[in-house]
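Here is the file work25.pdb (PDB, C-alpha atoms).
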```
ATOM      1  CA  ASP A 824      14.538  13.738   3.397
ATOM      2  CA  ALA A 825      14.067  12.498  -0.181
ATOM      3  CA  GLY A 826      11.544   9.906   0.873
ATOM      4  CA  VAL A 827      11.702   6.207   0.131
ATOM      5  CA  ILE A 828      13.939   5.611  -2.868
ATOM      6  CA  GLN A 829      13.533   2.599  -5.101
ATOM      7  CA  SER A 830      15.642   1.477  -8.005
ATOM      8  CA  PRO A 831      15.350   0.783 -10.789
ATOM      9  CA  ARG A 832      12.093   2.516 -11.739
ATOM     10  CA  HIS A 833      11.580   0.149 -14.628
ATOM     11  CA  GLU A 834      13.046  -3.281 -15.308
ATOM     12  CA  VAL A 835      12.500  -5.499 -18.322
ATOM     13  CA  THR A 836      14.072  -8.914 -18.169
ATOM     14  CA  GLU A 837      13.819 -12.276 -19.816
ATOM     15  CA  MET A 838      12.225 -15.258 -18.154
ATOM     16  CA  GLY A 839      14.745 -17.186 -16.096
ATOM     17  CA  GLN A 840      16.932 -14.198 -15.305
ATOM     18  CA  GLU A 841      17.655 -12.967 -11.811
ATOM     19  CA  VAL A 842      16.099  -9.649 -10.843
ATOM     20  CA  THR A 843      17.124  -7.505  -7.876
ATOM     21  CA  LEU A 844      15.024  -4.604  -6.695
ATOM     22  CA  ARG A 845      16.470  -2.084  -4.272
ATOM     23  CA  CYS A 846      15.043   0.169  -1.612
ATOM     24  CA  LYS A 847      16.403   2.906   0.633
ATOM     25  CA  PRO A 848      13.935   3.681   3.420
ATOM     26  CA  ILE A 849      13.529   7.018   5.128
ATOM     27  CA  SER A 850      16.288   7.569   7.658
ATOM     28  CA  GLY A 851      15.169   6.738  11.190
ATOM     29  CA  HIS A 852      12.253   4.552  10.154
ATOM     30  CA  ASN A 853      12.143   1.206  11.936
ATOM     31  CA  SER A 854       9.802  -0.758   9.683
ATOM     32  CA  LEU A 855      10.111  -1.660   6.018
ATOM     33  CA  PHE A 856       7.531  -3.311   3.787
ATOM     34  CA  TRP A 857       7.681  -4.816   0.303
ATOM     35  CA  TYR A 858       4.411  -4.882  -1.655
ATOM     36  CA  ARG A 859       3.459  -6.124  -5.090
ATOM     37  CA  GLN A 860       0.631  -4.536  -7.084
ATOM     38  CA  THR A 861      -1.181  -6.125 -10.023
ATOM     39  CA  MET A 862      -4.562  -5.532 -11.592
ATOM     40  CA  MET A 863      -5.676  -9.046 -10.721
ATOM     41  CA  ARG A 864      -4.525  -9.248  -7.108
ATOM     42  CA  GLY A 865      -4.281  -5.641  -6.003
ATOM     43  CA  LEU A 866      -1.702  -4.699  -3.377
ATOM     44  CA  GLU A 867      -0.150  -7.713  -1.683
ATOM     45  CA  LEU A 868       2.208  -7.524   1.276
ATOM     46  CA  LEU A 869       5.210  -9.709   0.505
ATOM     47  CA  ILE A 870       7.408  -9.201   3.577
ATOM     48  CA  TYR A 871       7.783  -6.900   6.555
ATOM     49  CA  PHE A 872      10.991  -6.031   8.438
ATOM     50  CA  ASN A 873      11.306  -4.379  11.818
ATOM     51  CA  ASN A 874      14.727  -3.137  12.916
ATOM     52  CA  ASN A 875      16.245  -5.016   9.934
ATOM     53  CA  VAL A 876      14.762  -8.347  11.048
ATOM     54  CA  PRO A 877      12.144 -10.122   8.901
ATOM     55  CA  ILE A 878       8.990 -10.323  11.004
ATOM     56  CA  ASP A 879       6.414 -11.613   8.552
ATOM     57  CA  ASP A 880       7.285 -13.190   5.208
ATOM     58  CA  SER A 881       4.074 -15.147   4.788
ATOM     59  CA  GLY A 882       3.236 -13.145   1.682
ATOM     60  CA  MET A 883       6.348 -14.172  -0.216
ATOM     61  CA  PRO A 884       4.867 -16.228  -3.038
ATOM     62  CA  GLU A 885       7.478 -18.946  -3.316
ATOM     63  CA  ASP A 886      11.119 -19.834  -2.918
ATOM     64  CA  ARG A 887      12.050 -17.876  -5.995
ATOM     65  CA  PHE A 888      11.530 -14.719  -3.956
ATOM     66  CA  SER A 889      13.934 -13.594  -1.249
ATOM     67  CA  ALA A 890      14.389 -10.332   0.636
ATOM     68  CA  LYS A 891      17.200  -8.991   2.756
ATOM     69  CA  MET A 892      17.813  -5.971   4.906
ATOM     70  CA  PRO A 893      21.525  -5.933   5.744
ATOM     71  CA  ASN A 894      21.297  -2.554   7.469
ATOM     72  CA  ALA A 895      18.803   0.138   8.374
ATOM     73  CA  SER A 896      19.284   2.041   5.140
ATOM     74  CA  PHE A 897      19.022  -0.653   2.493
ATOM     75  CA  SER A 898      16.853  -3.566   1.462
ATOM     76  CA  THR A 899      16.690  -5.825  -1.585
ATOM     77  CA  LEU A 900      14.022  -8.040  -3.087
ATOM     78  CA  LYS A 901      15.392 -10.716  -5.369
ATOM     79  CA  ILE A 902      13.551 -12.965  -7.790
ATOM     80  CA  GLN A 903      15.494 -15.922  -9.135
ATOM     81  CA  PRO A 904      14.541 -17.245 -11.620
ATOM     82  CA  SER A 905      11.995 -14.720 -12.821
ATOM     83  CA  GLU A 906       8.777 -15.747 -14.593
ATOM     84  CA  PRO A 907       6.267 -13.748 -16.693
ATOM     85  CA  ARG A 908       3.693 -13.971 -13.872
ATOM     86  CA  ASP A 909       6.066 -11.957 -11.683
ATOM     87  CA  SER A 910       5.383  -8.917 -13.847
ATOM     88  CA  ALA A 911       3.971  -6.254 -11.530
ATOM     89  CA  VAL A 912       4.789  -3.006  -9.800
ATOM     90  CA  TYR A 913       6.803  -3.622  -6.651
ATOM     91  CA  PHE A 914       6.597  -1.031  -3.895
ATOM     92  CA  CYS A 915       8.796  -0.525  -0.895
ATOM     93  CA  ALA A 916       7.419   1.406   2.080
ATOM     94  CA  SER A 917       8.826   2.420   5.439
ATOM     95  CA  SER A 918       7.218   3.602   8.655
ATOM     96  CA  PRO A 919       8.606   5.218  11.790
ATOM     97  CA  GLY A 920       7.069   2.860  14.322
ATOM     98  CA  GLN A 921       6.808  -0.840  14.747
ATOM     99  CA  GLY A 922       4.221  -2.316  12.458
ATOM    100  CA  ALA A 923       1.368  -0.578  10.766
ATOM    101  CA  THR A 924       1.679   3.089  11.576
ATOM    102  CA  GLU A 925       1.651   5.563   8.693
ATOM    103  CA  ALA A 926       3.605   4.091   5.801
ATOM    104  CA  PHE A 927       5.603   6.111   3.294
ATOM    105  CA  PHE A 928       5.812   4.562  -0.148
ATOM    106  CA  GLY A 929       8.467   4.740  -2.807
ATOM    107  CA  GLN A 930       7.574   5.326  -6.440
ATOM    108  CA  GLY A 931       7.747   1.643  -7.224
ATOM    109  CA  THR A 932       9.617  -0.553  -9.669
ATOM    110  CA  ARG A 933       7.660  -1.668 -12.710
ATOM    111  CA  LEU A 934       8.920  -5.151 -13.549
ATOM    112  CA  THR A 935       8.184  -6.800 -16.865
ATOM    113  CA  VAL A 936       9.323 -10.365 -17.414
ATOM    114  CA  VAL A 937       9.118 -11.467 -21.042
TER     115      VAL A 937
ATOM    116  CA  SER B 924      -6.104 -12.231   0.976
ATOM    117  CA  GLN B 925      -7.310  -8.661   1.155
ATOM    118  CA  GLN B 926      -8.510  -7.552   4.567
ATOM    119  CA  GLY B 927     -10.322  -4.446   3.401
ATOM    120  CA  GLU B 928     -12.849  -4.208   0.642
ATOM    121  CA  GLU B 929     -13.804  -0.851  -0.784
ATOM    122  CA  ASP B 930     -16.961   0.070  -2.541
ATOM    123  CA  PRO B 931     -17.790   1.311  -4.988
ATOM    124  CA  GLN B 932     -15.012   0.014  -7.203
ATOM    125  CA  ALA B 933     -15.362   3.115  -9.357
ATOM    126  CA  LEU B 934     -16.993   6.483  -8.773
ATOM    127  CA  SER B 935     -17.410   9.356 -11.211
ATOM    128  CA  ILE B 936     -18.647  12.747 -10.031
ATOM    129  CA  GLN B 937     -18.606  16.396 -11.043
ATOM    130  CA  GLU B 938     -16.244  18.925  -9.571
ATOM    131  CA  GLY B 939     -17.718  20.454  -6.434
ATOM    132  CA  GLU B 940     -19.707  17.387  -5.462
ATOM    133  CA  ASN B 941     -18.891  15.222  -2.458
ATOM    134  CA  ALA B 942     -17.415  11.756  -2.877
ATOM    135  CA  THR B 943     -18.025   8.949  -0.402
ATOM    136  CA  MET B 944     -16.090   5.714  -0.416
ATOM    137  CA  ASN B 945     -16.664   2.800   1.918
ATOM    138  CA  CYS B 946     -14.408   0.118   3.321
ATOM    139  CA  SER B 947     -15.316  -3.092   5.094
ATOM    140  CA  TYR B 948     -12.913  -5.401   6.873
ATOM    141  CA  LYS B 949     -13.074  -8.784   8.511
ATOM    142  CA  THR B 950     -10.937  -8.944  11.657
ATOM    143  CA  SER B 951     -10.324  -6.701  14.660
ATOM    144  CA  ILE B 952      -7.975  -3.798  14.105
ATOM    145  CA  ASN B 953      -5.808  -1.317  15.967
ATOM    146  CA  ASN B 954      -6.219   1.353  13.337
ATOM    147  CA  LEU B 955      -7.490   1.930   9.830
ATOM    148  CA  GLN B 956      -5.790   4.124   7.288
ATOM    149  CA  TRP B 957      -6.734   5.658   3.963
ATOM    150  CA  TYR B 958      -4.269   6.151   1.143
ATOM    151  CA  ARG B 959      -4.401   7.763  -2.254
ATOM    152  CA  GLN B 960      -2.613   6.617  -5.405
ATOM    153  CA  ASN B 961      -2.279   8.670  -8.537
ATOM    154  CA  SER B 962      -1.806   6.699 -11.723
ATOM    155  CA  GLY B 963       1.710   5.322 -11.994
ATOM    156  CA  ARG B 964       2.776   6.629  -8.588
ATOM    157  CA  GLY B 965       3.261   5.306  -5.087
ATOM    158  CA  LEU B 966       0.625   5.465  -2.393
ATOM    159  CA  VAL B 967       0.325   8.551  -0.229
ATOM    160  CA  HIS B 968      -1.022   8.405   3.304
ATOM    161  CA  LEU B 969      -4.127  10.537   3.873
ATOM    162  CA  ILE B 970      -5.438   9.841   7.344
ATOM    163  CA  LEU B 971      -5.307   7.301  10.181
ATOM    164  CA  ILE B 972      -8.160   6.579  12.544
ATOM    165  CA  ARG B 973      -7.668   4.479  15.655
ATOM    166  CA  SER B 974     -10.073   1.764  16.732
ATOM    167  CA  ASN B 975     -11.268   3.864  19.684
ATOM    168  CA  GLU B 976     -12.104   6.831  17.453
ATOM    169  CA  ARG B 977     -15.357   7.238  15.577
ATOM    170  CA  GLU B 978     -14.661  10.212  13.339
ATOM    171  CA  LYS B 979     -11.683  12.215  12.170
ATOM    172  CA  HIS B 980     -11.253  15.258   9.944
ATOM    173  CA  SER B 981      -8.353  16.516   7.887
ATOM    174  CA  GLY B 982      -9.010  19.448   5.577
ATOM    175  CA  ARG B 983     -11.663  18.331   3.078
ATOM    176  CA  LEU B 984     -11.436  14.731   4.290
ATOM    177  CA  ARG B 985     -13.760  13.150   6.826
ATOM    178  CA  VAL B 986     -13.300   9.569   7.951
ATOM    179  CA  THR B 987     -15.684   7.551  10.072
ATOM    180  CA  LEU B 988     -15.121   4.191  11.706
ATOM    181  CA  ASP B 989     -17.735   1.768  12.989
ATOM    182  CA  THR B 990     -15.954  -1.126  14.649
ATOM    183  CA  SER B 991     -19.227  -2.914  15.407
ATOM    184  CA  LYS B 992     -19.943  -3.096  11.682
ATOM    185  CA  LYS B 993     -16.263  -3.398  10.756
ATOM    186  CA  SER B 994     -16.606  -0.577   8.285
ATOM    187  CA  SER B 995     -15.187   2.841   7.516
ATOM    188  CA  SER B 996     -16.054   5.616   5.128
ATOM    189  CA  LEU B 997     -13.999   8.349   3.510
ATOM    190  CA  LEU B 998     -15.789  11.532   2.509
ATOM    191  CA  ILE B 999     -14.112  14.077   0.260
ATOM    192  CA  THR B1000     -16.039  17.337   0.268
ATOM    193  CA  ALA B1001     -16.101  19.912  -2.543
ATOM    194  CA  SER B1002     -14.158  17.620  -4.846
ATOM    195  CA  ARG B1003     -11.668  18.915  -7.389
ATOM    196  CA  ALA B1004     -10.377  17.448 -10.625
ATOM    197  CA  ALA B1005      -7.023  16.975  -8.853
ATOM    198  CA  ASP B1006      -8.715  14.522  -6.463
ATOM    199  CA  THR B1007      -8.932  12.024  -9.333
ATOM    200  CA  ALA B1008      -7.032   8.971  -8.086
ATOM    201  CA  SER B1009      -7.474   5.540  -6.545
ATOM    202  CA  TYR B1010      -8.265   5.451  -2.830
ATOM    203  CA  PHE B1011      -7.380   2.514  -0.615
ATOM    204  CA  CYS B1012      -8.189   1.606   2.930
ATOM    205  CA  ALA B1013      -5.621  -0.328   4.928
ATOM    206  CA  THR B1014      -5.962  -2.195   8.191
ATOM    207  CA  ASP B1015      -3.373  -3.538  10.553
ATOM    208  CA  GLY B1016      -4.998  -6.318  12.529
ATOM    209  CA  THR B1017      -4.542  -6.493  16.285
ATOM    210  CA  SER B1018      -1.031  -7.898  15.916
ATOM    211  CA  GLY B1019      -0.112  -4.533  14.466
ATOM    212  CA  SER B1020       2.385  -5.968  12.068
ATOM    213  CA  ARG B1021       0.679  -6.422   8.725
ATOM    214  CA  LEU B1022      -0.714  -3.416   6.862
ATOM    215  CA  THR B1023      -3.215  -4.968   4.476
ATOM    216  CA  PHE B1024      -4.838  -3.002   1.671
ATOM    217  CA  GLY B1025      -8.214  -3.278   0.028
ATOM    218  CA  GLU B1026      -8.723  -3.307  -3.716
ATOM    219  CA  GLY B1027      -9.376   0.408  -3.933
ATOM    220  CA  THR B1028     -11.954   2.800  -5.332
ATOM    221  CA  GLN B1029     -11.137   4.608  -8.557
ATOM    222  CA  LEU B1030     -12.468   8.154  -8.212
ATOM    223  CA  THR B1031     -12.858  10.362 -11.258
ATOM    224  CA  VAL B1032     -13.754  14.008 -10.725
ATOM    225  CA  ASN B1033     -14.890  15.635 -13.934
ATOM    226  CA  PRO B1034     -14.158  19.352 -14.377
TER     227      PRO B1034
END
```
Could you quickly redo this structure as structure tokens?
Amino acid sequence: DAGVIQSPRHEVTEMGQEVTLRCKPISGHNSLFWYRQTMMRGLELLIYFNNNVPIDDSGMPEDRFSAKMPNASFSTLKIQPSEPRDSAVYFCASSPGQGATEAFFGQGTRLTVV
Amino acid sequence: SQQGEEDPQALSIQEGENATMNCSYKTSINNLQWYRQNSGRGLVHLILIRSNEREKHSGRLRVTLDTSKKSSSLLITASRAADTASYFCATDGTSGSRLTFGEGTQLTVNP
């Protein structure tokens, strides 16, 4: 398996634009996590899916952020409209069990909003 | 908010020395995990210790867990320059759903 695959690796966009980040989890994994990493706030859990259903989205910062998991092999994180303070590295991770068993991380998407 | 807090924030040692990093957390847990992150890369799982375990080994890694003190330590023995990375602890909480990371320890191993 190629591991968790995220795209794009880097994204530079202008303030106000819509940004969509994509994630393909490891086949057979039941849980999927989206994290955001910044120097100021560290690693923050944004949302957690189990069997394609959002279980905990309390970390989603505001209505500008939305996440979907239409099937077991694909998830998106959308920011609309984007703001400079959204600049961060966004990680997707998947795990084989329900909840917080060993998580496998993608390489991340570095988002810069100018 | 971060559940785990690592200390020290940064640690610099010479190759061959041992490195010890500590993690404290606030609420009850099912398990605690340690991850490593090389600069510009994703996190890589190192080891998981369950709440009913006190110590676990994996190669040059030794993890301890003291649930009464809500703390854990990660020991890397005979460190190598390639061990240079950030190390994070992560806890799940008894609900088992949220994997929450600490702020990490930046380890530098000088050759």
Self-check item: Test item: chain B residues at most 7 Å from chain A, counting all atoms listed in the file, as number ranges by chain
Solution: B: 964-968, 1015, 1019-1024, 1026
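Atom pair CA of Glu938 in chain B / CA of Ser994 in chain B has a distance of 26.4 Å (rounded to one decimal).
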Quiz item: What does the PyMOL selection byres ((chain A and resi 825) around 10) select in this file, as a PyMOL selection string?
Solution: chain A and resi 824+826-828+847-850+929
Exercise. Determine the residue set returned by the PyMOL selection byres ((chain B and resi 940) around 7) for the present structure, and present it as a VMD selection string.
Key: chain B and resid 936 to 939 941 to 942 1000 to 1002
Quiz item: Which value, in Å to one decimal, gives the distance between CA of Val986 in chain B and CA of Leu971 in chain B?
Solution: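 Between CA of Val986 in chain B and CA of Leu971 in chain B the gap works out to 8.6 Å.
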Exercise. Name the residues in contact with Asp1006 in chain B at a cut-off of 8 Å, using all atoms listed in the file, excluding same-chain residues fewer than 5 positions from it; report them as an MDAnalysis selection string.
Key: chainID B and resid 1030:1032
Quiz item: By how many Å are CA of Asn874 in chain A and CA of Ser951 in chain B apart?
Solution: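 Going from CA of Asn874 in chain A over to CA of Ser951 in chain B covers 25.4 Å.
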Box time for range 951-967 of chain B: axis-aligned, enclosing all its listed atoms, 4 Å extra on each side; report centre and edge lengths in Å to one decimal, as AutoDock Vina command-line options.
```
--center_x -3.5 --center_y 1.0 --center_z 2.0 --size_x 21.6 --size_y 23.4 --size_z 36.0
```
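The residues returned by the PyMOL selection byres ((chain B and resi 998) around 9) on the shown structure are Asn941, Ala942, Thr943, Met944, Asn945, Arg983, Leu984, Arg985, Val986, Thr987, Ser996, Leu997, Ile999 and Thr1000 of chain B.
Excluding Asn954 in chain B and any residue on its chain fewer than 4 positions from it, the residues at most 8 Å away by all atoms listed in the file are Leu971, Ile972, Arg973, Ser974, Thr1014, Asp1015 and Gly1016 of chain B.
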Self-check item: Pick from B:Ala1005, B:Cys946, B:Leu988, B:Leu955, whichever lies nearest to Leu969 in chain B using all atoms listed in the file
Solution: B:Leu955
Quiz item: Taking only C-alpha atoms into account, which of B:Tyr1010, B:Arg977, B:Lys993, B:Asn1033 comes nearest Ser962 in chain B?
Solution: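 Answer, going by the shortest atom-to-atom distance: B:Tyr1010.
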Considering only C-alpha atoms, return as a PDB file with C-alpha atoms, keeping the file's coordinate frame whatever protein or nucleic-acid residues lie within 8 Å of Met892 in chain A, sequence-local ones (same chain, fewer than 3 positions apart) excluded.
```
ATOM      1  CA  PHE A 872      10.991  -6.031   8.438  1.00  0.00           C
ATOM      2  CA  ASN A 875      16.245  -5.016   9.934  1.00  0.00           C
ATOM      3  CA  VAL A 876      14.762  -8.347  11.048  1.00  0.00           C
ATOM      4  CA  ALA A 895      18.803   0.138   8.374  1.00  0.00           C
ATOM      5  CA  PHE A 897      19.022  -0.653   2.493  1.00  0.00           C
ATOM      6  CA  SER A 898      16.853  -3.566   1.462  1.00  0.00           C
ATOM      7  CA  THR A 899      16.690  -5.825  -1.585  1.00  0.00           C
TER       8      THR A 899
END
```
Quiz item: Quick one: of B:Ser981, B:Thr990, B:Ser995, B:Ser935, who's nearest to Asn953 in chain B, counting all atoms listed in the file?
Solution: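 Of all the options, B:Thr990 lies closest to Asn953 in chain B.
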